Each structure stands twice: as structure tokens, then as C-alpha cells.
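Peer 1: Sharing structure-v3.txt below, compact mmCIF, C-alpha atoms:
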# COMPACT_ATOMS: atom_id res chain seq x y z
CA MET D 1 -44.44 -36.48 84.61
CA LEU D 2 -42.43 -39.62 85.36
CA LEU D 3 -41.06 -39.71 81.80
CA VAL D 4 -39.96 -36.07 81.89
CA ALA D 5 -38.47 -36.51 85.37
CA LEU D 6 -36.39 -39.50 84.22
CA VAL D 7 -35.23 -37.76 81.04
CA THR D 8 -34.26 -34.55 82.83
CA CYS D 9 -32.52 -36.46 85.64
CA ALA D 10 -30.46 -38.36 83.07
CA ALA D 11 -29.64 -35.09 81.28
CA SER D 12 -28.52 -33.52 84.55
CA ILE D 13 -26.26 -36.44 85.46
CA ILE D 14 -24.73 -36.54 81.98
CA GLY D 15 -24.18 -32.77 82.15
CA SER D 16 -22.33 -33.12 85.48
CA LEU D 17 -20.12 -35.90 84.11
CA MET D 18 -19.33 -34.02 80.90
CA ALA D 19 -18.53 -30.83 82.84
CA GLY D 20 -15.56 -32.66 84.35
CA LEU D 21 -13.98 -33.14 80.93
CA PRO D 22 -11.57 -30.75 79.18
CA VAL D 23 -13.25 -28.09 77.03
CA PHE D 24 -16.71 -29.02 78.36
CA SER D 25 -15.68 -27.64 81.77
CA LEU D 26 -15.85 -24.14 80.25
CA PHE D 27 -19.59 -24.51 79.74
CA GLY D 28 -20.52 -26.04 83.10
CA ALA D 29 -23.05 -28.72 84.03
CA LEU D 30 -26.13 -26.48 83.82
CA ILE D 31 -25.47 -25.28 80.29
CA ILE D 32 -24.76 -28.82 79.09
CA ALA D 33 -28.01 -30.05 80.69
CA LEU D 34 -29.90 -27.27 78.89
CA ILE D 35 -28.36 -28.26 75.55
CA ILE D 36 -29.22 -31.93 76.15
CA GLY D 37 -32.80 -30.94 76.90
CA MET D 38 -32.96 -28.97 73.66
CA LEU D 39 -31.58 -31.94 71.71
CA VAL D 40 -33.98 -34.38 73.39
CA GLN D 41 -36.83 -32.18 72.24
CA ILE D 42 -36.23 -33.14 68.59
CA PRO D 43 -36.94 -36.93 68.82
CA MET D 44 -39.60 -36.29 71.46
CA ARG D 45 -41.48 -33.94 69.15
CA ALA D 46 -41.27 -36.54 66.37
CA TRP D 47 -42.72 -39.16 68.74
CA LEU D 48 -45.46 -36.84 69.93
CA ALA D 49 -46.42 -35.96 66.35
CA HIS D 50 -48.11 -39.36 66.14
CA ALA D 51 -49.53 -39.24 69.68
CA ALA D 52 -52.71 -37.74 71.04
CA ALA D 53 -52.73 -33.97 71.50
CA LYS D 54 -53.46 -34.47 75.19
CA ARG D 55 -50.23 -36.43 75.64
CA ALA D 56 -48.19 -33.74 73.88
CA GLU D 57 -49.75 -31.11 76.12
CA GLY D 58 -49.03 -33.26 79.17
CA ILE D 59 -45.33 -33.55 78.30
CA GLY D 60 -45.10 -29.78 77.89
CA ASN D 61 -46.90 -29.12 81.17
CA ALA D 62 -44.71 -31.63 83.03
CA ALA D 63 -41.53 -30.02 81.69
CA ALA D 64 -42.82 -26.55 82.66
CA LEU D 65 -43.68 -27.72 86.18
CA ILE D 66 -40.30 -29.38 86.71
CA SER D 67 -38.37 -26.36 85.41
CA ASN D 68 -40.37 -24.06 87.71
CA LYS D 69 -40.39 -26.01 90.98
CA LEU D 70 -36.94 -27.59 90.81
CA LEU D 71 -35.47 -24.23 89.92
CA ARG D 72 -36.52 -22.83 93.28
CA LEU D 73 -35.32 -25.88 95.20
CA GLY D 74 -31.99 -25.77 93.36
CA ILE D 75 -31.43 -22.09 94.12
CA ILE D 76 -32.10 -22.71 97.82
CA LEU D 77 -29.66 -25.64 97.91
CA LEU D 78 -27.09 -23.59 96.00
CA GLY D 79 -26.93 -21.32 99.04
CA PHE D 80 -24.90 -24.01 100.83
CA LYS D 81 -22.08 -23.32 98.36
CA LEU D 82 -21.75 -19.76 99.63
CA ASN D 83 -19.40 -19.80 102.63
CA LEU D 84 -19.91 -16.42 104.28
CA ASP D 85 -16.81 -16.74 106.47
CA VAL D 86 -14.60 -17.03 103.38
CA LEU D 87 -16.22 -13.96 101.84
CA PHE D 88 -16.15 -11.81 104.95
CA ALA D 89 -12.52 -12.80 105.63
CA THR D 90 -11.52 -10.98 102.44
CA GLY D 91 -12.81 -7.75 103.90
CA VAL D 92 -15.40 -5.23 102.83
CA LYS D 93 -13.43 -4.28 99.72
CA THR D 94 -14.15 -7.42 97.70
CA ILE D 95 -17.86 -7.42 98.52
CA ALA D 96 -18.14 -3.67 97.83
CA VAL D 97 -16.42 -4.09 94.45
CA ALA D 98 -18.75 -7.00 93.64
CA ALA D 99 -21.81 -4.91 94.53
CA ILE D 100 -20.67 -2.05 92.29
CA ILE D 101 -19.84 -4.41 89.41
CA VAL D 102 -23.22 -6.15 89.62
CA THR D 103 -25.17 -2.89 89.83
CA LEU D 104 -23.37 -1.20 86.94
CA THR D 105 -23.33 -4.29 84.71
CA ILE D 106 -27.05 -4.99 85.10
CA THR D 107 -27.92 -1.34 84.50
CA VAL D 108 -25.66 -0.90 81.47
CA THR D 109 -26.59 -4.25 79.88
CA TYR D 110 -30.30 -3.55 80.30
CA LEU D 111 -29.98 -0.06 78.76
CA ILE D 112 -27.94 -1.36 75.81
CA ALA D 113 -30.42 -4.18 75.21
CA ARG D 114 -33.40 -1.85 75.31
CA THR D 115 -31.64 0.58 72.95
CA LEU D 116 -31.15 -2.33 70.52
CA GLY D 117 -34.86 -3.14 70.68
CA VAL D 118 -34.79 -6.16 73.02
CA ASP D 119 -38.04 -6.49 75.00
CA GLU D 120 -37.72 -5.66 78.67
CA HIS D 121 -38.18 -9.18 80.09
CA LEU D 122 -35.42 -10.69 77.96
CA ALA D 123 -33.31 -7.56 78.53
CA ILE D 124 -33.42 -7.79 82.33
CA LEU D 125 -32.75 -11.55 82.35
CA THR D 126 -29.76 -11.12 80.04
CA ALA D 127 -28.51 -8.24 82.19
CA GLY D 128 -28.83 -10.31 85.37
CA GLY D 129 -27.04 -13.30 83.89
CA THR D 130 -24.23 -11.09 82.61
CA GLY D 131 -23.88 -9.19 85.86
CA ILE D 132 -24.19 -11.89 88.52
CA CYS D 133 -23.65 -15.59 87.85
CA GLY D 134 -24.91 -16.76 84.49
CA ALA D 135 -27.64 -19.39 84.26
CA ALA D 136 -28.43 -19.50 87.99
CA ALA D 137 -28.92 -15.72 88.01
CA VAL D 138 -31.19 -15.83 84.95
CA MET D 139 -33.37 -18.47 86.57
CA GLY D 140 -33.31 -16.75 89.95
CA LEU D 141 -34.37 -13.39 88.55
CA SER D 142 -37.02 -15.04 86.39
CA GLY D 143 -38.53 -16.60 89.49
CA SER D 144 -38.88 -13.17 91.11
CA ILE D 145 -40.74 -11.70 88.11
CA THR D 146 -44.47 -12.31 87.75
CA MET D 147 -45.55 -12.85 84.14
CA PRO D 148 -49.20 -12.93 82.99
CA LYS D 149 -50.53 -16.43 82.26
CA THR D 150 -50.79 -15.56 78.58
CA GLU D 151 -47.07 -14.75 78.40
CA GLU D 152 -45.62 -17.64 80.39
CA LYS D 153 -44.47 -19.49 77.26
CA ARG D 154 -42.66 -16.40 75.97
CA GLY D 155 -41.12 -15.99 79.41
CA ARG D 156 -39.66 -19.51 79.28
CA ASP D 157 -38.23 -18.81 75.82
CA ASP D 158 -36.65 -15.64 77.22
CA GLU D 159 -35.02 -17.71 79.98
CA VAL D 160 -33.44 -20.04 77.44
CA MET D 161 -32.26 -17.15 75.26
CA ALA D 162 -30.72 -15.35 78.23
CA VAL D 163 -29.00 -18.51 79.51
CA ALA D 164 -27.63 -19.31 76.06
CA THR D 165 -26.42 -15.74 75.60
CA VAL D 166 -24.45 -15.55 78.85
CA ALA D 167 -23.05 -19.05 78.27
CA VAL D 168 -21.65 -18.08 74.87
CA MET D 169 -20.36 -14.69 76.02
CA GLY D 170 -18.78 -16.16 79.14
CA THR D 171 -16.97 -18.81 77.13
CA VAL D 172 -15.73 -16.32 74.53
CA PHE D 173 -14.43 -13.88 77.13
CA ALA D 174 -12.90 -16.63 79.29
CA LEU D 175 -10.81 -17.75 76.32
CA ALA D 176 -9.98 -14.12 75.47
CA GLU D 177 -8.77 -13.35 79.01
CA ILE D 178 -6.58 -16.45 79.10
CA ALA D 179 -5.07 -15.45 75.74
CA LEU D 180 -4.47 -11.86 76.92
CA ARG D 181 -2.98 -12.78 80.28
CA PRO D 182 0.70 -12.37 79.24
CA PHE D 183 -0.01 -8.80 78.10
CA LEU D 184 -2.01 -7.58 81.12
CA GLY D 185 0.85 -7.29 83.61
CA LEU D 186 -1.19 -8.71 86.51
CA SER D 187 -0.07 -10.99 89.32
CA ASP D 188 -1.66 -14.44 89.61
CA ALA D 189 -4.05 -13.24 92.34
CA GLN D 190 -4.96 -10.10 90.39
CA PHE D 191 -5.66 -12.11 87.25
CA GLY D 192 -7.88 -14.52 89.18
CA THR D 193 -9.73 -11.60 90.74
CA MET D 194 -10.28 -10.10 87.30
CA GLY D 195 -11.75 -13.39 86.08
CA GLY D 196 -14.08 -13.62 89.06
CA ALA D 197 -15.14 -10.00 88.58
CA SER D 198 -15.75 -10.13 84.83
CA LEU D 199 -16.92 -13.60 83.80
CA HIS D 200 -20.46 -14.91 83.85
CA GLU D 201 -20.62 -18.55 84.97
CA ILE D 202 -18.75 -19.90 87.99
CA ALA D 203 -17.22 -22.44 85.58
CA HIS D 204 -15.77 -19.59 83.49
CA ALA D 205 -14.20 -17.89 86.52
CA VAL D 206 -12.73 -21.17 87.77
CA ALA D 207 -11.23 -21.95 84.35
CA VAL D 208 -9.59 -18.52 84.08
CA GLY D 209 -8.42 -18.45 87.70
CA GLY D 210 -7.05 -21.98 87.42
CA SER D 211 -4.83 -20.92 84.52
CA ALA D 212 -2.98 -18.70 87.05
CA GLY D 213 -2.36 -21.46 89.60
CA ASP D 214 -3.70 -21.86 93.13
CA ALA D 215 -3.46 -18.16 93.97
CA GLY D 216 -5.43 -17.26 90.84
CA MET D 217 -8.01 -19.97 91.49
CA ASP D 218 -8.64 -18.86 95.09
CA ALA D 219 -8.92 -15.19 94.10
CA ALA D 220 -11.32 -15.99 91.24
CA ILE D 221 -13.60 -18.09 93.46
CA ILE D 222 -13.73 -15.48 96.23
CA MET D 223 -14.59 -12.64 93.85
CA LYS D 224 -17.10 -14.74 91.93
CA LEU D 225 -18.87 -15.88 95.12
CA SER D 226 -18.99 -12.24 96.23
CA ARG D 227 -21.01 -11.57 93.07
CA VAL D 228 -23.20 -14.63 93.76
CA LEU D 229 -23.96 -13.11 97.17
CA MET D 230 -25.69 -10.27 95.32
CA LEU D 231 -28.22 -12.66 93.73
CA ALA D 232 -30.78 -12.61 96.54
CA PRO D 233 -30.99 -8.82 97.11
CA THR D 234 -30.88 -8.18 93.36
CA ALA D 235 -33.77 -10.59 92.73
CA MET D 236 -35.87 -8.85 95.39
CA ILE D 237 -35.09 -5.37 94.04
CA ILE D 238 -35.80 -6.35 90.44
CA GLY D 239 -38.99 -8.16 91.45
CA ALA D 240 -40.25 -5.01 93.17
CA TRP D 241 -39.14 -2.82 90.23
CA TRP D 242 -40.92 -5.07 87.75
CA ALA D 243 -44.16 -5.13 89.76
CA ARG D 244 -44.20 -1.35 90.12
CA ARG D 245 -43.37 -0.86 86.44
CA HIS D 246 -46.27 -3.05 85.30
CA THR D 247 -48.99 -1.57 87.48
CA GLN D 248 -51.77 -0.25 85.28
CA PRO D 249 -53.88 2.83 86.12
CA GLY D 250 -56.91 1.74 88.12
CA ASP D 251 -55.34 -1.53 89.24
CA GLY D 252 -54.96 -0.31 92.80
CA PRO D 253 -51.94 -1.25 94.91
CA ARG D 254 -50.04 -4.04 93.19
CA LYS D 255 -48.74 -6.81 95.38
CA VAL D 256 -44.97 -7.04 95.14
CA PRO D 257 -43.93 -10.70 94.79
CA ILE D 258 -41.52 -11.86 97.47
CA PRO D 259 -39.13 -14.51 96.11
CA TRP D 260 -39.19 -16.74 99.17
CA PHE D 261 -36.75 -19.15 97.58
CA MET D 262 -34.17 -16.35 97.63
CA LEU D 263 -34.66 -16.01 101.37
CA GLY D 264 -34.10 -19.77 101.49
CA PHE D 265 -30.86 -19.22 99.58
CA LEU D 266 -29.65 -16.81 102.29
CA VAL D 267 -30.78 -19.10 105.13
CA ALA D 268 -28.93 -21.99 103.50
CA SER D 269 -25.78 -19.83 103.26
CA VAL D 270 -25.96 -18.97 106.95
CA ALA D 271 -26.70 -22.56 107.99
CA GLY D 272 -23.91 -24.00 105.84
CA THR D 273 -21.43 -21.51 107.23
CA TYR D 274 -22.25 -21.42 110.94
CA LEU D 275 -23.98 -24.70 111.83
CA PRO D 276 -21.41 -27.53 112.14
CA VAL D 277 -24.12 -30.18 111.82
CA VAL D 278 -25.12 -28.75 108.44
CA ALA D 279 -21.60 -27.86 107.31
CA GLN D 280 -20.50 -31.50 107.24
CA PHE D 281 -23.14 -32.22 104.58
CA THR D 282 -22.41 -29.13 102.48
CA ASP D 283 -20.73 -31.01 99.62
CA ILE D 284 -23.69 -33.40 99.31
CA LEU D 285 -26.21 -30.55 99.39
CA VAL D 286 -24.32 -28.61 96.70
CA LYS D 287 -24.23 -31.71 94.48
CA ALA D 288 -27.98 -32.07 95.03
CA ALA D 289 -28.38 -28.41 94.05
CA TYR D 290 -26.66 -28.95 90.73
CA LEU D 291 -28.65 -32.15 90.13
CA VAL D 292 -32.04 -30.45 90.52
CA LEU D 293 -30.90 -27.27 88.75
CA GLY D 294 -29.66 -29.44 85.89
CA MET D 295 -33.08 -31.12 85.75
CA ALA D 296 -34.74 -27.69 85.67
CA MET D 297 -32.46 -26.56 82.85
CA ALA D 298 -33.06 -29.74 80.82
CA ALA D 299 -36.83 -29.37 81.29
CA LEU D 300 -36.55 -25.78 80.12
CA GLY D 301 -34.69 -26.95 77.03
CA MET D 302 -37.41 -29.50 76.25
CA ASN D 303 -39.95 -26.70 75.90
CA VAL D 304 -37.84 -24.14 74.04
CA ASP D 305 -39.17 -22.54 70.86
CA PHE D 306 -36.27 -22.52 68.38
CA LYS D 307 -38.02 -20.08 66.04
CA ALA D 308 -38.45 -17.56 68.85
CA ILE D 309 -34.76 -17.78 69.71
CA ALA D 310 -33.75 -17.24 66.08
CA SER D 311 -36.02 -14.22 65.66
CA ARG D 312 -35.69 -12.50 69.05
CA GLY D 313 -32.36 -13.52 70.52
CA ARG D 314 -29.82 -11.87 68.24
CA MET D 315 -29.97 -8.38 69.72
CA ALA D 316 -29.73 -9.79 73.26
CA VAL D 317 -26.48 -11.52 72.27
CA LEU D 318 -25.15 -8.25 70.84
CA ALA D 319 -26.11 -6.35 74.00
CA SER D 320 -24.36 -8.90 76.21
CA PHE D 321 -21.29 -8.74 73.97
CA PHE D 322 -20.95 -4.96 74.28
CA ALA D 323 -21.63 -5.12 78.02
CA SER D 324 -19.07 -7.92 78.48
CA ILE D 325 -16.40 -5.78 76.84
CA LEU D 326 -17.15 -2.96 79.28
CA LEU D 327 -17.28 -5.42 82.18
CA ALA D 328 -13.87 -6.89 81.34
CA GLY D 329 -12.37 -3.41 81.00
CA GLY D 330 -13.91 -2.24 84.27
CA ALA D 331 -12.73 -5.36 86.08
CA PHE D 332 -9.17 -4.85 84.81
CA LEU D 333 -9.22 -1.22 85.98
CA ALA D 334 -10.64 -2.16 89.40
CA VAL D 335 -8.07 -4.91 89.92
CA THR D 336 -5.19 -2.65 88.89
CA LEU D 337 -6.25 0.15 91.25
CA LEU D 338 -7.61 -1.77 94.24
CA PHE D 339 -5.91 -5.15 94.39
Using C-alpha cells, write down the structure that the file contains.

Peer 2:
Amino acid sequence: MLLVALVTCAASIIGSLMAGLPVFSLFGALIIALIIGMLVQIPMRAWLAHAAAKRAEGIGNAAALISNKLLRLGIILLGFKLNLDVLFATGVKTIAVAAIIVTLTITVTYLIARTLGVDEHLAILTAGGTGICGAAAVMGLSGSITMPKTEEKRGRDDEVMAVATVAVMGTVFALAEIALRPFLGLSDAQFGTMGGASLHEIAHAVAVGGSAGDAGMDAAIIMKLSRVLMLAPTAMIIGAWWARRHTQPGDGPRKVPIPWFMLGFLVASVAGTYLPVVAQFTDILVKAAYLVLGMAMAALGMNVDFKAIASRGRMAVLASFFASILLAGGAFLAVTLLF
């Protein structure tokens, strides 16, 4: 446990530092931490090949525990990043547009993925990451879905595949939007709003908005955080939908899992916005959020099954690609008509 904690902590810190560099900023600290965890797995597996089976199992269990528990803590702490005053000051329009975008994107992405033969767990995680906020959304939705003990390993592989998919798609479409900007005929604020409405990771929205100056950056952040606000209610709805969908005849009433960490996310948002004593520590708490989320992502990468990704992840990437095209087009239309 101590070894895995030290390795994942180092990966998280390195990811944060690299995310401040040109090019790497497009990926964000969480994605970089995940990649580092996946790379660390290679020498660690070679080392464990000569070790006792019990030690190898212990490393895997420690990584699984860290990815599970720190994920929830990180999501709660991430709530301090969500300033509700800033969001509500923009009016109901921005939040309403965000709600519609999230709902339609998740629904359409899930249906496309299922049509392409992607299994439902990977499909809903990919849809959530595409529709809300990338890696954090994938991990948040995963935490609200109860998987049988026998399928927990496949569930972790699905998390990695979904995170990798939205990271790649977000980067591709961020670069595409920046390239297309001269031809779109949008103001700086409109272009930033489009980026916040259509891109997956916060890092992607910031990169695109920043290319349009301060006005574009502010608009991108506000729209993107409006989508992040949808994470908690979406996780609860999907958790209830999943539980109801997987109730077998004769099981009796199935207990719907309540993602308490999502309630913690909302409480943290309220506290960070309206309690001055808490607000002064917001920057520190958000940095702590990314540290523990980075550790969770690195731990997830240490346990990933590369063969499963190669065999099962291709159709999820294709589904996210088609959905991202529709999302970008819908965001452009919404911005043109409403902003």
C-alpha cells in the first residue's frame, strides 16, 4: 500500500507539473497521471514476475483501493472549484443550455455506442465523459454504478477506456475548433462559450477559450463549469437507472445506490461559495482535489488491462467521435442563436 501510494503521488505531482507546459496543457493533469500509471505498470509487472504471487496480488489490490477511495475524496474536493455565484450571475440561460447539452449528448452518445456494439457499462461511461467533464465525469459516474464483484476488474478497464477516449476526442476537437475559428464568424465570447459547451475536459475548454483572449477564456470557463454542475444530479439519475435496469425477476426491490460523495461535491460547492472562512482556502482545496484525483487516475492506470482496451475500446472511440461532431455542431448552433 505504501509503495503504491508513493508511486501514485509522484505520478500525480509530475502530471500537475507537466500540465503547465505547452502542448501538455491540452491533456490536463489527470490524463497525464493516468498515462504515467500505465507506463509504470510495465516495469512493475516485470519486477512482480519474479516475486511471490501474494505480493503481485497485494499491489493490484492496493492500486484498486487507492483508485476507489481517493476518487471519491477528489470529487468532493473538486466541488470547491465550482463557484455558484459566478454561475448564477450568468443567468438561467447558460445553466439551461448546459443541462440540455449534457442530457442530449449523454443520450446520443450512449445510443450510438450501443448501436456499434459497445457494452452498456463502457457506453454509459463514455457518454458521461463526453457530455459532462471528461475524466472526472467518467470516474464520478462509475462511482454511482454498482458492479458485481465478479465484474469489478472489467469495470476498471472500462473506466480507463472511457477516460482515454474522451481525452483523445477532446484534444482532437480542441485543435479543430482553434483551426476553424477564423471561419466561424463568432465573437471572442461566443467562441469561448462554444468551447465550454462542446469540449470534454476543463483543460480543453480553457485552451480553446484562451485562444480568444480574456473574454473567450471567461466565457469558456463559465459554460464549462455550468456543465460540471450537472455531474452530481446526472450521477444520481444514472445510478438509479442502472440499478433499475439490472434488477432480475425475483430479486425483490433493488436498493438504489446513493452516491454520497456527489452530495459532498454539492456541499463543497455551497461551502466554497458562501462561507468566507472556507472560501479563503478554496485554491488549496482545489489543488488537493487534483492531487488525490491524480493519484486515483495513476492507480487506475497501474491496473489497466492493455489487451482489453485493444479488443473492446475501438467502437467506444468511434461512438465518441460521432457524438463529438454532433456536440460541436449543436454548440455552434446554440451559441449563434442564444449568445

Peer 1: Of the residues D:Ile124, D:Ser269, D:Gly313, D:Val163, which is the one nearest to Asn83 of chain D, using all atoms listed in the file?

Peer 2: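 Using all atoms listed in the file, Asn83 of chain D sits closest to D:Ser269.
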
Peer 1: Quick one: residues within 12 Å of segment 328-331 of chain D, only C-alpha atoms, excluding same-chain residues fewer than 3 positions away - as a ChimeraX atom specification?

Peer 2: /D:94,97-98,100-102,104-105,130-131,169-170,172-174,176-177,180,184,190-200,220,223-224,320-325,334-339

Peer 1: Atom CA of Leu3 of chain D and atom CA of Met302 of chain D, how far apart in Å?

Peer 2: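 Calculated distance between atom CA of Met302 of chain D and atom CA of Leu3 of chain D is 12.2 Å.
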
Peer 1: Select from segment 48-124 of chain D every residue with an atom at most 8 Å from any atom of segment 285-292 of chain D, then for each give the shortest pair of atoms and their distance in Å to one decimal, using only C-alpha atoms, rows by chain and rising number, as a tab-separated table.

Peer 2:
residue	atom	partner	partner_atom	distance
D:Leu70	CA	D:Val292	CA	5.7
D:Leu71	CA	D:Val292	CA	7.1
D:Leu73	CA	D:Val292	CA	7.3
D:Gly74	CA	D:Ala289	CA	4.5
D:Ile75	CA	D:Ala289	CA	7.0
D:Ile76	CA	D:Ala289	CA	7.8
D:Leu77	CA	D:Ala289	CA	4.9
D:Leu78	CA	D:Ala289	CA	5.4
D:Phe80	CA	D:Val286	CA	6.2
D:Lys81	CA	D:Val286	CA	6.0

Peer 1: Let me make sure I understand: among D:Gly79, D:Ala33, D:Thr109, D:Lys149, which one has the smallest atom-to-atom distance to Ser16 of chain D if we use all atoms listed in the file?

Peer 2: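 Closest to Ser16 of chain D, using all atoms listed in the file: D:Ala33.
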
Peer 1: Identify the residues within 12 Å of coordinate (-15.3, -27.3, 79.5) (same frame as the file), considering all atoms listed in the file, and give the answer as a PyMOL selection string.

Peer 2: chain D and resi 15-32+167+170-171+174-175+201-208

Peer 1: Between atom CA of Thr282 of chain D and atom CA of Leu266 of chain D, what distance in Å does the model show, to one decimal?

Peer 2: 14.3 Å

Peer 1: Using 4 Å of padding on each side, determine the axis-aligned box around all atoms of segment 181-197 of chain D present in the file and give its centre and edge lengths in Å to one decimal, as AutoDock Vina command-line options.

Peer 2:
--center_x -7.1 --center_y -10.9 --center_z 85.2 --size_x 24.0 --size_y 15.2 --size_z 22.2

Peer 1: Quick one, how far is atom CA of Leu231 of chain D from atom CA of Leu327 of chain D?

Peer 2: 17.5 Å

Peer 1: What's the 12 Å shell around Val86 of chain D, counting all atoms listed in the file, without same-chain residues fewer than 2 positions away, as a compact mmCIF listing (two decimals) with C-alpha atoms, in the coordinates of the input?

Peer 2:
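Written out: part-v7.txt:
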# COMPACT_ATOMS: atom_id res chain seq x y z
CA LYS D 81 -22.08 -23.32 98.36
CA LEU D 82 -21.75 -19.76 99.63
CA ASN D 83 -19.40 -19.80 102.63
CA LEU D 84 -19.91 -16.42 104.28
CA PHE D 88 -16.15 -11.81 104.95
CA ALA D 89 -12.52 -12.80 105.63
CA THR D 90 -11.52 -10.98 102.44
CA GLY D 91 -12.81 -7.75 103.90
CA VAL D 92 -15.40 -5.23 102.83
CA THR D 94 -14.15 -7.42 97.70
CA ILE D 95 -17.86 -7.42 98.52
CA ASP D 218 -8.64 -18.86 95.09
CA ALA D 219 -8.92 -15.19 94.10
CA ILE D 221 -13.60 -18.09 93.46
CA ILE D 222 -13.73 -15.48 96.23
CA MET D 223 -14.59 -12.64 93.85
CA LYS D 224 -17.10 -14.74 91.93
CA LEU D 225 -18.87 -15.88 95.12
CA SER D 226 -18.99 -12.24 96.23
CA LEU D 229 -23.96 -13.11 97.17
CA SER D 269 -25.78 -19.83 103.26
CA GLY D 272 -23.91 -24.00 105.84
CA THR D 273 -21.43 -21.51 107.23
CA TYR D 274 -22.25 -21.42 110.94

Peer 1: Pick the closest to Thr8 of chain D from D:Ile145, D:Leu116, D:Leu293, D:Met236: which is it, counting only C-alpha atoms?

Peer 2: D:Leu293

Peer 1: Around (-37.5, -19.9, 89.0) in the file's own coordinates, what residues are found within 6 Å if you use all atoms listed in the file, given back as a PyMOL selection string?

Peer 2: chain D and resi 68+71-72+139-140+142-143

Peer 1: Nearest to Gly128 of chain D among D:Leu65, D:Met230, D:Ile42, D:Leu34, with distances taken over only C-alpha atoms: which residue is it?

Peer 2: D:Met230

Peer 1: Between D:Ile59, D:Ala296, D:Leu275, D:Ala268, which is the closest to Met44 of chain D once you count all atoms listed in the file?

Peer 2: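 Checking each of D:Ile59, D:Ala296, D:Leu275, D:Ala268 against Met44 of chain D, counting all atoms listed in the file, the winner is D:Ile59.
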
Peer 1: For Ile36 of chain D, which residue among D:Ile14, D:Gly264, D:Arg244, D:Gly216 is the nearest when counting all atoms listed in the file?

Peer 2: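 Closest to Ile36 of chain D, using all atoms listed in the file: D:Ile14.
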
Peer 1: Would you mind listing what lies within 12 Å of Asn61 of chain D as a ChimeraX atom specification, with only C-alpha atoms counted and same-chain residues fewer than 6 positions away left out?

Peer 2: /D:1,4-5,54-55,67-68,152-153,299-300,302-303

Peer 1: As a PDB file, in the frame of the given file, could you write out segment 151-164 of chain D once it has been completed with N, CA, C and O atoms?

Peer 2:
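Here's the written file result.pdb:
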ATOM      1  N   GLU D 151     -48.434 -14.984  78.878  1.00  0.00           N
ATOM      2  CA  GLU D 151     -47.070 -14.750  78.400  1.00  0.00           C
ATOM      3  C   GLU D 151     -46.053 -15.696  79.022  1.00  0.00           C
ATOM      4  O   GLU D 151     -44.846 -15.507  78.866  1.00  0.00           O
ATOM      5  N   GLU D 152     -46.541 -16.734  79.718  1.00  0.00           N
ATOM      6  CA  GLU D 152     -45.620 -17.640  80.390  1.00  0.00           C
ATOM      7  C   GLU D 152     -44.723 -18.384  79.396  1.00  0.00           C
ATOM      8  O   GLU D 152     -43.543 -18.611  79.659  1.00  0.00           O
ATOM      9  N   LYS D 153     -45.272 -18.779  78.258  1.00  0.00           N
ATOM     10  CA  LYS D 153     -44.470 -19.490  77.260  1.00  0.00           C
ATOM     11  C   LYS D 153     -43.358 -18.584  76.725  1.00  0.00           C
ATOM     12  O   LYS D 153     -42.202 -19.006  76.595  1.00  0.00           O
ATOM     13  N   ARG D 154     -43.685 -17.340  76.436  1.00  0.00           N
ATOM     14  CA  ARG D 154     -42.660 -16.400  75.970  1.00  0.00           C
ATOM     15  C   ARG D 154     -41.611 -16.176  77.053  1.00  0.00           C
ATOM     16  O   ARG D 154     -40.415 -16.041  76.766  1.00  0.00           O
ATOM     17  N   GLY D 155     -42.061 -16.161  78.314  1.00  0.00           N
ATOM     18  CA  GLY D 155     -41.120 -15.990  79.410  1.00  0.00           C
ATOM     19  C   GLY D 155     -40.119 -17.128  79.493  1.00  0.00           C
ATOM     20  O   GLY D 155     -38.927 -16.905  79.743  1.00  0.00           O
ATOM     21  N   ARG D 156     -40.576 -18.366  79.258  1.00  0.00           N
ATOM     22  CA  ARG D 156     -39.660 -19.510  79.280  1.00  0.00           C
ATOM     23  C   ARG D 156     -38.675 -19.440  78.114  1.00  0.00           C
ATOM     24  O   ARG D 156     -37.493 -19.784  78.258  1.00  0.00           O
ATOM     25  N   ASP D 157     -39.140 -18.984  76.959  1.00  0.00           N
ATOM     26  CA  ASP D 157     -38.230 -18.810  75.820  1.00  0.00           C
ATOM     27  C   ASP D 157     -37.182 -17.745  76.137  1.00  0.00           C
ATOM     28  O   ASP D 157     -36.008 -17.882  75.776  1.00  0.00           O
ATOM     29  N   ASP D 158     -37.599 -16.688  76.818  1.00  0.00           N
ATOM     30  CA  ASP D 158     -36.650 -15.640  77.220  1.00  0.00           C
ATOM     31  C   ASP D 158     -35.580 -16.208  78.154  1.00  0.00           C
ATOM     32  O   ASP D 158     -34.400 -15.835  78.065  1.00  0.00           O
ATOM     33  N   GLU D 159     -35.981 -17.091  79.055  1.00  0.00           N
ATOM     34  CA  GLU D 159     -35.020 -17.710  79.980  1.00  0.00           C
ATOM     35  C   GLU D 159     -33.955 -18.466  79.203  1.00  0.00           C
ATOM     36  O   GLU D 159     -32.756 -18.335  79.478  1.00  0.00           O
ATOM     37  N   VAL D 160     -34.396 -19.265  78.233  1.00  0.00           N
ATOM     38  CA  VAL D 160     -33.440 -20.040  77.440  1.00  0.00           C
ATOM     39  C   VAL D 160     -32.513 -19.126  76.648  1.00  0.00           C
ATOM     40  O   VAL D 160     -31.294 -19.337  76.577  1.00  0.00           O
ATOM     41  N   MET D 161     -33.077 -18.085  76.039  1.00  0.00           N
ATOM     42  CA  MET D 161     -32.260 -17.150  75.260  1.00  0.00           C
ATOM     43  C   MET D 161     -31.229 -16.454  76.137  1.00  0.00           C
ATOM     44  O   MET D 161     -30.069 -16.299  75.745  1.00  0.00           O
ATOM     45  N   ALA D 162     -31.642 -16.038  77.331  1.00  0.00           N
ATOM     46  CA  ALA D 162     -30.720 -15.350  78.230  1.00  0.00           C
ATOM     47  C   ALA D 162     -29.613 -16.290  78.712  1.00  0.00           C
ATOM     48  O   ALA D 162     -28.435 -15.916  78.756  1.00  0.00           O
ATOM     49  N   VAL D 163     -29.994 -17.524  79.058  1.00  0.00           N
ATOM     50  CA  VAL D 163     -29.000 -18.510  79.510  1.00  0.00           C
ATOM     51  C   VAL D 163     -28.005 -18.802  78.393  1.00  0.00           C
ATOM     52  O   VAL D 163     -26.784 -18.838  78.613  1.00  0.00           O
ATOM     53  N   ALA D 164     -28.511 -19.024  77.187  1.00  0.00           N
ATOM     54  CA  ALA D 164     -27.630 -19.310  76.060  1.00  0.00           C
ATOM     55  C   ALA D 164     -26.698 -18.142  75.770  1.00  0.00           C
ATOM     56  O   ALA D 164     -25.495 -18.330  75.478  1.00  0.00           O
TER      57      ALA D 164
END
